[in-house]
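Asker: So that we are looking at the same thing, I have put the structure below in structure tokens.
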Amino acid sequence: MTAPTTAGTRPRHLLDFADWTPERLTALLDNADTMSQVLDRPVRKVPALQGLTVCTAFFENSTRTRVSFELAARRMSADVVSFAAGASSLNKGESLRDTVEVLTAYKVDAYVVRHPASGAAHLVARYSGKPVINAGDGRRAHPTQALLDAYTIRQEFGSLEGKTVAILGDIRHSRVARSNAELLPKLGARVRLCGPATLLPADLAALPGVTVTTDPREAVRGAHAVMALRLQQERMSGGYLASLAEYADHYQVNARLLREAEPGAIVLHPGPMNRDLEISSDVADGEQSRILRQVENGQAVRMSVLYHLLVGRE
Amino acid sequence: MTAPTTAGTRPRHLLDFADWTPERLTALLDNADTMSQVLDRPVRKVPALQGLTVCTAFFENSTRTRVSFELAARRMSADVVSFAAGASSLNKGESLRDTVEVLTAYKVDAYVVRHPASGAAHLVARYSGKPVINAGDGRRAHPTQALLDAYTIRQEFGSLEGKTVAILGDIRHSRVARSNAELLPKLGARVRLCGPATLLPADLAALPGVTVTTDPREAVRGAHAVMALRLQQERMSGGYLASLAEYADHYQVNARLLREAEPGAIVLHPGPMNRDLEISSDVADGEQSRILRQVENGQAVRMSVLYHLLVGRE
Amino acid sequence: MTAPTTAGTRPRHLLDFADWTPERLTALLDNADTMSQVLDRPVRKVPALQGLTVCTAFFENSTRTRVSFELAARRMSADVVSFAAGASSLNKGESLRDTVEVLTAYKVDAYVVRHPASGAAHLVARYSGKPVINAGDGRRAHPTQALLDAYTIRQEFGSLEGKTVAILGDIRHSRVARSNAELLPKLGARVRLCGPATLLPADLAALPGVTVTTDPREAVRGAHAVMALRLQQERMSGGYLASLAEYADHYQVNARLLREAEPGAIVLHPGPMNRDLEISSDVADGEQSRILRQVENGQAVRMSVLYHLLVGRE
């Protein structure tokens, strides 16, 4: 496992993984185990965040992620206020800073931010002075998704140490790929990023523990986990892809490609899926799939992150 | 009263009334009496569903019905997550099945489903494995509306046994009419369905206890309850109706038509009303009207159904 | 201080200030002090409204105001149901009266109403028979905004008695200006309304304690509080203003204009701001600004109003 590079200061935010040591990350995942037990009870509610208010500020639509965070917060008895940009004063030309300062004056205790611009979550952290969880900003980061991926792999194999994770698809535009490439090596895993050359940025290869290839068989060979990314179909018109059929032909995660992986390898997808485009339907629903388990683990991981940032003690 | 046709297995869902025996239906209505007492208290809250999560999944807009279910769930201390299709991943082409599996992985404990397609609630029940309440699917069923109608009639007359209920309007496209035609005879009432020939499907006449007529005076004669259905004004362009004025002239529930009914007959409408189209304003607001009582009873009935499906014991 | 003109009947609503004596208004502000202490606790929640349901019925979009009321209600443990007109049956042509009667039949205990038509909140009060808080109706009134302004000034100077408040901008279309012109003199302050002649209605000058001027220096001279109103940019096309630059040149609240005010004067704005149009950015963020304090005080004031109308005892 990578040695911790920073001292023990507790991070106040989860914007990306820059400030997070392997020890803190492991503590987050361990705490998610506890939350997972709460979720298995008949009464899935604890008073941990009673009297605190969590604001989900979504400047980009994602019902799935928003609902996941809202449920996580409510199951710890927080009040939740949902702020969607479409319905907001932003329409009247208000700046992000003014919006955040107003919400903070309402005594919001933490923010969950989704925004189309890379770096927006950092701005919310600066303007609010409150704990911020980045729920996806532009192409940059989606750390709770990477954490739930890590948690799911750890759940399967006991540890990330020495495991190989292949991630296939539109790496260039994917905050999920980027966050996993930052996180998984910190926990001891190797990451192989794979996609068509036009969708494969060179800079990620510079990260420790990360390799990059355009060859899907090479990427998947001996991997313990194989993750297909959602292909945004608008990439076609952006000139990145010649045809979807050709893409599926080369890069689809299907039974044939999966034969290259380690026996017992698991299949991941951040959802929502384009079935039979980036992933074949039989594999998505097959016994190696942990796609619904990922979603389930998202609850435990998000509860753990909220707890850690809002009330966790050393 | 119709004899029970199935044995005592407790239905897991309220999709329509096929699986529901008269005994179970009566138990539902009896339990609604208890809920009604809760609603009359100064503090209208009970801990019955504490720690459980109810998802209202509305793939068709209906603020009124959604709010009714959300309040019912919250008054029993459930957490509620609202999922509206317009704001959802369905926009990204995700299938109903994938959406429901994701919500279920978030540990949703029950679904309230409104959908434009007949049969969608059945699919949600199959995909989720959780209790599902159909809050209106296409033209097929809207069982809680029929239950609150039955409850309102029973509240007035003590029993449905031997009562006659006339339902006037666009029977063809009405899930309310269809659900009432299934439910009320199970509880001992006779149902007369009435509308213009183009809006009167023949198949409903085959149900036990149901008759069909195009003559509103014949339908209403001696009835104990007279229900006007909302006329969707788009029926005009569909070629079903020659003119709204002509429709109102023949089928409007007004003081003149009401004179044919039993003295003491009550007037019902599922709302929202087109005043002075399918119902005259004076009758809607008159002393025979139980239209707001229906709305009020909707709370008690929906609390009863949620309780019955989620925690009710034999 | 103005002598009380009506006897001690407790107002059931907060529609405007017509029924509110100075004593009652002072009691509201005193109670807001208590609520402010609740908001300073680590656990910002009290059980005052447990089991009661507050409906925010917004027929005009305002995320900011809606969120403020929802948080205020939830922090007193009320259930909140949000009703937005865009998503409602009003789209189906339902009348305001029918909508309100339905919500009331769901056992809503109080309404917070925002509506584009002046007088709509009065109608909701009449139709529902429940306590109604006007959260802005047309050009007429926005009483909780005026109360939080009064509270902020009182917090600064100990009392409103003998203070001068200058309000600059589009007085004609501003419910904020109108509500302040009604409220502040009741609490002993003088109000000076100021704007271009086209945006300055003559009738407000008839209110006791209110003067009107087109000269911003005259308005601000010796004032203890200077409030800039948001300029709706559509006023340009309405023919009320020749140019925004010219407007800013004359009426912008900036450091130069502020030199005319009393030393220690504070700056207010109801938000959201058009920075560097009606207010300069340096003043908005400067040490005389109480703009974020206003927002913060809005929580305490709205909690106080809800408490007063729903459970307050003499």
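In the structure tokens, chains take the letters A, B, ... in the order shown, each chain's residues start at 1, and ligands count up from 1 in the order shown.
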Using only C-alpha atoms, I'd like every residue of chain B that has an atom within 7 Å of chain C; please write them out as a VMD selection string.

Answerer: chain B and resid 43 to 45 62 to 63 68 272 to 273 292 295 to 296 299

Asker: Kindly export the residues of the current selection with N, CA, C and O atoms, as a tab-separated table (two decimals), in the first residue's frame.

Answerer:
chain	number	residue	atom	x	y	z
B	43	VAL	N	-52.24	16.29	16.75
B	43	VAL	CA	-50.94	15.84	16.24
B	43	VAL	C	-51.19	14.61	15.37
B	43	VAL	O	-51.42	13.52	15.85
B	44	ARG	N	-51.12	14.84	14.05
B	44	ARG	CA	-51.51	13.80	13.09
B	44	ARG	C	-50.31	12.98	12.67
B	44	ARG	O	-49.91	13.01	11.51
B	45	LYS	N	-49.71	12.27	13.59
B	45	LYS	CA	-48.51	11.51	13.25
B	45	LYS	C	-48.42	10.26	14.11
B	45	LYS	O	-48.60	10.34	15.33
B	62	SER	N	-48.93	14.07	-11.59
B	62	SER	CA	-50.18	14.26	-10.85
B	62	SER	C	-49.84	14.74	-9.45
B	62	SER	O	-49.71	13.94	-8.53
B	63	THR	N	-49.68	16.04	-9.31
B	63	THR	CA	-49.30	16.62	-8.02
B	63	THR	C	-50.27	16.19	-6.93
B	63	THR	O	-49.87	15.82	-5.83
B	68	SER	N	-50.94	13.45	-1.92
B	68	SER	CA	-51.80	12.65	-1.04
B	68	SER	C	-51.03	11.44	-0.50
B	68	SER	O	-51.07	11.14	0.70
B	272	PRO	N	-59.39	16.51	-10.84
B	272	PRO	CA	-59.93	17.86	-10.73
B	272	PRO	C	-61.13	18.06	-11.65
B	272	PRO	O	-61.22	17.43	-12.71
B	273	MET	N	-62.04	18.91	-11.22
B	273	MET	CA	-63.29	19.13	-11.96
B	273	MET	C	-63.14	20.13	-13.09
B	273	MET	O	-62.43	21.11	-12.97
B	292	LEU	N	-65.23	16.94	-1.52
B	292	LEU	CA	-64.10	17.22	-0.62
B	292	LEU	C	-63.95	16.12	0.42
B	292	LEU	O	-62.84	15.81	0.86
B	295	VAL	N	-61.72	13.56	-0.99
B	295	VAL	CA	-60.30	13.94	-0.91
B	295	VAL	C	-59.78	13.64	0.49
B	295	VAL	O	-58.70	13.07	0.67
B	296	GLU	N	-60.56	14.05	1.48
B	296	GLU	CA	-60.19	13.84	2.87
B	296	GLU	C	-60.05	12.34	3.16
B	296	GLU	O	-59.08	11.91	3.77
B	299	GLN	N	-56.78	10.39	2.27
B	299	GLN	CA	-55.68	10.28	3.24
B	299	GLN	C	-55.82	9.02	4.08
B	299	GLN	O	-54.87	8.23	4.19

Asker: Enumerate the residues of stretch 85-260 of chain A with a DSSP assignment of strand (DSSP E or B), computed from the backbone, and present them as an MDAnalysis selection string.

Answerer: chainID A and resid 110:115 132:137 141 164:168 190:194 210:213 225:228 253

Asker: Those same residues - C-alpha atoms - I'd like them written as a PDB file, in the first residue's frame.

Answerer:
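The resulting part_30.pdb:
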ATOM      1  CA  ALA A 110     -22.930  20.409   4.473  1.00  0.00           C
ATOM      2  CA  TYR A 111     -23.224  20.474   0.704  1.00  0.00           C
ATOM      3  CA  VAL A 112     -23.463  17.756  -1.908  1.00  0.00           C
ATOM      4  CA  VAL A 113     -22.614  19.429  -5.209  1.00  0.00           C
ATOM      5  CA  ARG A 114     -23.077  18.300  -8.798  1.00  0.00           C
ATOM      6  CA  HIS A 115     -22.005  20.811 -11.407  1.00  0.00           C
ATOM      7  CA  VAL A 132     -18.582  19.762   0.679  1.00  0.00           C
ATOM      8  CA  ILE A 133     -18.960  16.431  -1.078  1.00  0.00           C
ATOM      9  CA  ASN A 134     -18.289  16.537  -4.785  1.00  0.00           C
ATOM     10  CA  ALA A 135     -21.045  14.525  -6.500  1.00  0.00           C
ATOM     11  CA  GLY A 136     -19.524  15.073  -9.930  1.00  0.00           C
ATOM     12  CA  ASP A 137     -17.970  18.232 -11.360  1.00  0.00           C
ATOM     13  CA  ALA A 141     -14.011  13.963 -10.209  1.00  0.00           C
ATOM     14  CA  THR A 164      -5.986  -5.168 -11.209  1.00  0.00           C
ATOM     15  CA  VAL A 165      -8.936  -3.082 -12.368  1.00  0.00           C
ATOM     16  CA  ALA A 166      -9.658  -2.533 -16.066  1.00  0.00           C
ATOM     17  CA  ILE A 167     -11.806   0.486 -16.990  1.00  0.00           C
ATOM     18  CA  LEU A 168     -13.126   0.590 -20.563  1.00  0.00           C
ATOM     19  CA  ARG A 190      -3.356  -1.268 -10.417  1.00  0.00           C
ATOM     20  CA  VAL A 191      -5.622   0.497 -12.916  1.00  0.00           C
ATOM     21  CA  ARG A 192      -5.690  -0.056 -16.671  1.00  0.00           C
ATOM     22  CA  LEU A 193      -7.571   2.554 -18.688  1.00  0.00           C
ATOM     23  CA  CYS A 194      -8.731   1.523 -22.132  1.00  0.00           C
ATOM     24  CA  VAL A 210      -2.085   3.586 -13.882  1.00  0.00           C
ATOM     25  CA  THR A 211      -1.475   2.301 -17.403  1.00  0.00           C
ATOM     26  CA  VAL A 212      -3.251   3.199 -20.605  1.00  0.00           C
ATOM     27  CA  THR A 213      -3.989   1.102 -23.674  1.00  0.00           C
ATOM     28  CA  ALA A 225     -12.554  -6.212 -11.899  1.00  0.00           C
ATOM     29  CA  VAL A 226     -13.736  -4.969 -15.294  1.00  0.00           C
ATOM     30  CA  MET A 227     -15.620  -1.704 -15.414  1.00  0.00           C
ATOM     31  CA  ALA A 228     -17.556  -0.495 -18.474  1.00  0.00           C
ATOM     32  CA  VAL A 253     -17.699  -5.659 -22.108  1.00  0.00           C
TER      33      VAL A 253
END

Asker: What's the separation between atom CA of A:Ile291 and atom CA of A:Gly169, in Å to one decimal place?

Answerer: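 Separation between atom CA of A:Ile291 and atom CA of A:Gly169: 16.2 Å.
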
Asker: Excluding B:Ala146 and its own-chain neighbours fewer than 2 positions away, which residues fall within 8 Å of it when counting only C-alpha atoms? Please give them as a list in words.

Answerer: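 So the residues in contact are His142, Pro143, Thr144, Leu148, Asp149, Ala150, Val176, Ser179, Asn180, Leu183 and Leu184 of chain B.
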
Asker: Near B:Leu241, within 9 Å and counting only C-alpha atoms, which residues show up once chain neighbours fewer than 6 positions away are dropped, as a list of chain:residue names?

Answerer: B:Pro196, B:Thr198, B:Leu199, B:Arg235, B:Tyr247

Asker: Would you mind listing what lies within 12 Å of C:Gln155 as a count of residues only, with only C-alpha atoms counted and same-chain residues fewer than 2 positions away left out?

Answerer: 21

Asker: Restricting the calculation to only C-alpha atoms: of C:Pro263, C:Pro185, C:Gly195, C:Pro208, which residue gets closest to C:Glu278?

Answerer: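 Answer, going by the shortest atom-to-atom distance: C:Gly195.
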
Asker: For the structure I just gave you, how does DSSP split stretch 83-303 of chain C - specifically, which residues are helix (DSSP H, G or I)? Reply as a PyMOL selection string.

Answerer: chain C and resi 85-87+89-92+96-105+120-128+143-157+175-186+197-199+202-206+216-220+233-235+244-251+255-258+281-284+291-303
